[in-house]
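J.: The file below is query.pdb, PDB, C-alpha atoms, pLDDT in the B column:
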```pdb
ATOM      1  CA  MET C   1    -153.330  27.733 -78.391  1.00 72.00           C
ATOM      2  CA  ASN C   2    -154.518  24.598 -76.622  1.00 75.00           C
ATOM      3  CA  GLN C   3    -157.578  24.286 -74.430  1.00 83.00           C
ATOM      4  CA  ILE C   4    -157.496  22.072 -71.360  1.00 84.00           C
ATOM      5  CA  THR C   5    -160.028  21.069 -68.734  1.00 87.00           C
ATOM      6  CA  VAL C   6    -159.481  21.967 -65.108  1.00 86.00           C
ATOM      7  CA  GLY C   7    -160.529  19.427 -62.493  1.00 90.00           C
ATOM      8  CA  THR C   8    -159.990  18.785 -58.832  1.00 90.00           C
ATOM      9  CA  TRP C   9    -157.203  16.726 -57.329  1.00 85.00           C
ATOM     10  CA  GLY C  10    -157.901  16.246 -53.651  1.00 89.00           C
ATOM     11  CA  GLU C  11    -158.570  19.749 -52.317  1.00 89.00           C
ATOM     12  CA  ALA C  12    -156.708  21.498 -55.175  1.00 89.00           C
ATOM     13  CA  MET C  13    -157.623  22.517 -58.704  1.00 86.00           C
ATOM     14  CA  ALA C  14    -155.440  20.797 -61.272  1.00 82.00           C
ATOM     15  CA  SER C  15    -154.815  20.319 -64.951  1.00 80.00           C
ATOM     16  CA  GLY C  16    -152.642  17.736 -66.632  1.00 76.00           C
ATOM     17  CA  GLY C  17    -152.451  19.540 -69.962  1.00 76.00           C
ATOM     18  CA  LEU C  18    -149.757  22.113 -69.253  1.00 81.00           C
ATOM     19  CA  ARG C  19    -146.845  19.956 -70.448  1.00 82.00           C
ATOM     20  CA  ASP C  20    -146.863  21.200 -74.046  1.00 83.00           C
ATOM     21  CA  ALA C  21    -147.064  24.871 -73.041  1.00 86.00           C
ATOM     22  CA  GLY C  22    -144.337  24.394 -70.432  1.00 87.00           C
ATOM     23  CA  ARG C  23    -142.050  22.739 -72.960  1.00 88.00           C
ATOM     24  CA  ALA C  24    -142.709  25.489 -75.502  1.00 89.00           C
ATOM     25  CA  ALA C  25    -141.739  28.048 -72.843  1.00 90.00           C
ATOM     26  CA  GLY C  26    -138.548  26.140 -72.064  1.00 91.00           C
ATOM     27  CA  LEU C  27    -139.539  25.125 -68.528  1.00 90.00           C
ATOM     28  CA  VAL C  28    -137.743  22.152 -67.019  1.00 90.00           C
ATOM     29  CA  ASP C  29    -138.855  19.662 -64.388  1.00 88.00           C
ATOM     30  CA  GLY C  30    -138.590  21.153 -60.910  1.00 89.00           C
ATOM     31  CA  GLU C  31    -138.407  24.781 -62.065  1.00 89.00           C
ATOM     32  CA  ARG C  32    -140.387  27.172 -59.865  1.00 89.00           C
ATOM     33  CA  VAL C  33    -143.151  29.341 -61.327  1.00 92.00           C
ATOM     34  CA  GLU C  34    -145.382  32.104 -59.995  1.00 92.00           C
ATOM     35  CA  ILE C  35    -149.122  31.918 -60.586  1.00 92.00           C
ATOM     36  CA  GLU C  36    -151.708  34.662 -60.106  1.00 94.00           C
ATOM     37  CA  ALA C  37    -155.222  35.614 -61.092  1.00 95.00           C
ATOM     38  CA  LYS C  38    -155.254  38.931 -62.954  1.00 95.00           C
ATOM     39  CA  ASP C  39    -158.314  40.537 -64.523  1.00 97.00           C
ATOM     40  CA  GLY C  40    -160.106  37.183 -64.699  1.00 95.00           C
ATOM     41  CA  ASP C  41    -157.151  35.359 -66.294  1.00 94.00           C
ATOM     42  CA  ILE C  42    -154.615  32.950 -64.822  1.00 91.00           C
ATOM     43  CA  VAL C  43    -151.028  34.074 -65.382  1.00 92.00           C
ATOM     44  CA  ILE C  44    -148.096  31.663 -64.950  1.00 91.00           C
ATOM     45  CA  ARG C  45    -144.512  32.943 -65.202  1.00 92.00           C
ATOM     46  CA  ARG C  46    -141.056  31.846 -64.163  1.00 91.00           C
ATOM     47  CA  ALA C  47    -140.385  32.627 -60.509  1.00 90.00           C
ATOM     48  CA  ARG C  48    -137.910  35.417 -59.904  1.00 83.00           C
ATOM     49  CA  LYS C  49    -134.729  34.127 -58.396  1.00 77.00           C
ATOM     50  CA  ILE C  50    -134.188  35.556 -54.932  1.00 72.00           C
ATOM     51  CA  PRO C  51    -130.472  35.838 -54.162  1.00 67.00           C
ATOM     52  CA  LEU C  52    -129.312  34.299 -50.899  1.00 71.00           C
ATOM     53  CA  LYS C  53    -128.508  36.799 -48.184  1.00 74.00           C
ATOM     54  CA  GLY C  54    -124.797  37.583 -48.249  1.00 75.00           C
ATOM     55  CA  SER C  55    -124.268  36.209 -51.769  1.00 73.00           C
ATOM     56  CA  PRO C  56    -122.485  38.359 -54.378  1.00 74.00           C
ATOM     57  CA  GLU C  57    -125.812  38.809 -56.209  1.00 70.00           C
ATOM     58  CA  ALA C  58    -127.523  40.081 -53.040  1.00 70.00           C
ATOM     59  CA  MET C  59    -124.627  42.420 -52.276  1.00 71.00           C
ATOM     60  CA  ALA C  60    -124.761  43.849 -55.823  1.00 76.00           C
ATOM     61  CA  ALA C  61    -128.529  44.439 -55.568  1.00 68.00           C
ATOM     62  CA  ALA C  62    -128.198  46.311 -52.253  1.00 66.00           C
TER      63      ALA C  62
END
```
Would you give me this structure, written as structure tokens?
T.:
Amino acid sequence: MNQITVGTWGEAMASGGLRDAGRAAGLVDGERVEIEAKDGDIVIRRARKIPLKGSPEAMAAA
């Protein structure tokens, strides 16, 4: 487990040390993630894909 330092970037909090963890998780450039605070921890996970309305995936989920 790596430790990184969080800083500010303009008005946002930021960290430049997530590259190794992202690579280990198999994330690719441009992939969307969800982030939340839960019980005092920060949780980052792949974003759930939302099927487009009218697509076969959306019709199957209905």
J.: Quick one, how far is CA of Thr5 in chain C from CA of Asp20 in chain C?
T.: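 Computed distance, CA of Thr5 in chain C to CA of Asp20 in chain C, equals 14.2 Å.
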J.: Using all atoms listed in the file, which residues sit within 8 Å of Arg45 in chain C once same-chain residues fewer than 3 positions away are excluded, as a PyMOL selection string?
T.: chain C and resi 33-35
J.: Just say which residues the PyMOL selection byres ((chain C and resi 32) around 9) picks in this file, as a PDB file with C-alpha atoms, in the frame of the given file.
T.:
```pdb
ATOM      1  CA  LEU C  27    -139.539  25.125 -68.528  1.00 90.00           C
ATOM      2  CA  ASP C  29    -138.855  19.662 -64.388  1.00 88.00           C
ATOM      3  CA  GLY C  30    -138.590  21.153 -60.910  1.00 89.00           C
ATOM      4  CA  GLU C  31    -138.407  24.781 -62.065  1.00 89.00           C
ATOM      5  CA  VAL C  33    -143.151  29.341 -61.327  1.00 92.00           C
ATOM      6  CA  GLU C  34    -145.382  32.104 -59.995  1.00 92.00           C
ATOM      7  CA  ARG C  45    -144.512  32.943 -65.202  1.00 92.00           C
ATOM      8  CA  ARG C  46    -141.056  31.846 -64.163  1.00 91.00           C
ATOM      9  CA  ALA C  47    -140.385  32.627 -60.509  1.00 90.00           C
ATOM     10  CA  ARG C  48    -137.910  35.417 -59.904  1.00 83.00           C
TER      11      ARG C  48
END
```
J.: Enumerate, as a compact mmCIF listing (two decimals) with C-alpha atoms, keeping the file's coordinate frame, the residues matched when the PyMOL selection byres ((chain C and resi 2) around 10) is run on the file above.
T.:
```txt
# COMPACT_ATOMS: atom_id res chain seq x y z
CA MET C 1 -153.33 27.73 -78.39
CA GLN C 3 -157.58 24.29 -74.43
CA ILE C 4 -157.50 22.07 -71.36
CA GLY C 17 -152.45 19.54 -69.96
CA LEU C 18 -149.76 22.11 -69.25
CA ASP C 20 -146.86 21.20 -74.05
CA ALA C 21 -147.06 24.87 -73.04
```
J.: Could you state the separation of CA of Gly26 in chain C and CA of Thr8 in chain C in Å, given to one decimal place?
T.: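 According to the coordinates, CA of Gly26 in chain C and CA of Thr8 in chain C are separated by 26.2 Å.
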J.: Rounded to one decimal in Å, what is the spacing between CA of Val28 in chain C and CA of Gly40 in chain C?
T.: 27.0 Å
J.: Edge lengths and centre in Å to one decimal, as lines of an AutoDock Vina configuration file, is what I'm after for the box along x, y and z that holds all listed atoms of range 8-20 of chain C once 6 Å is added on each side.
T.:
```
center_x = -153.4
center_y = 19.4
center_z = -63.2
size_x = 25.1
size_y = 18.3
size_z = 33.7
```
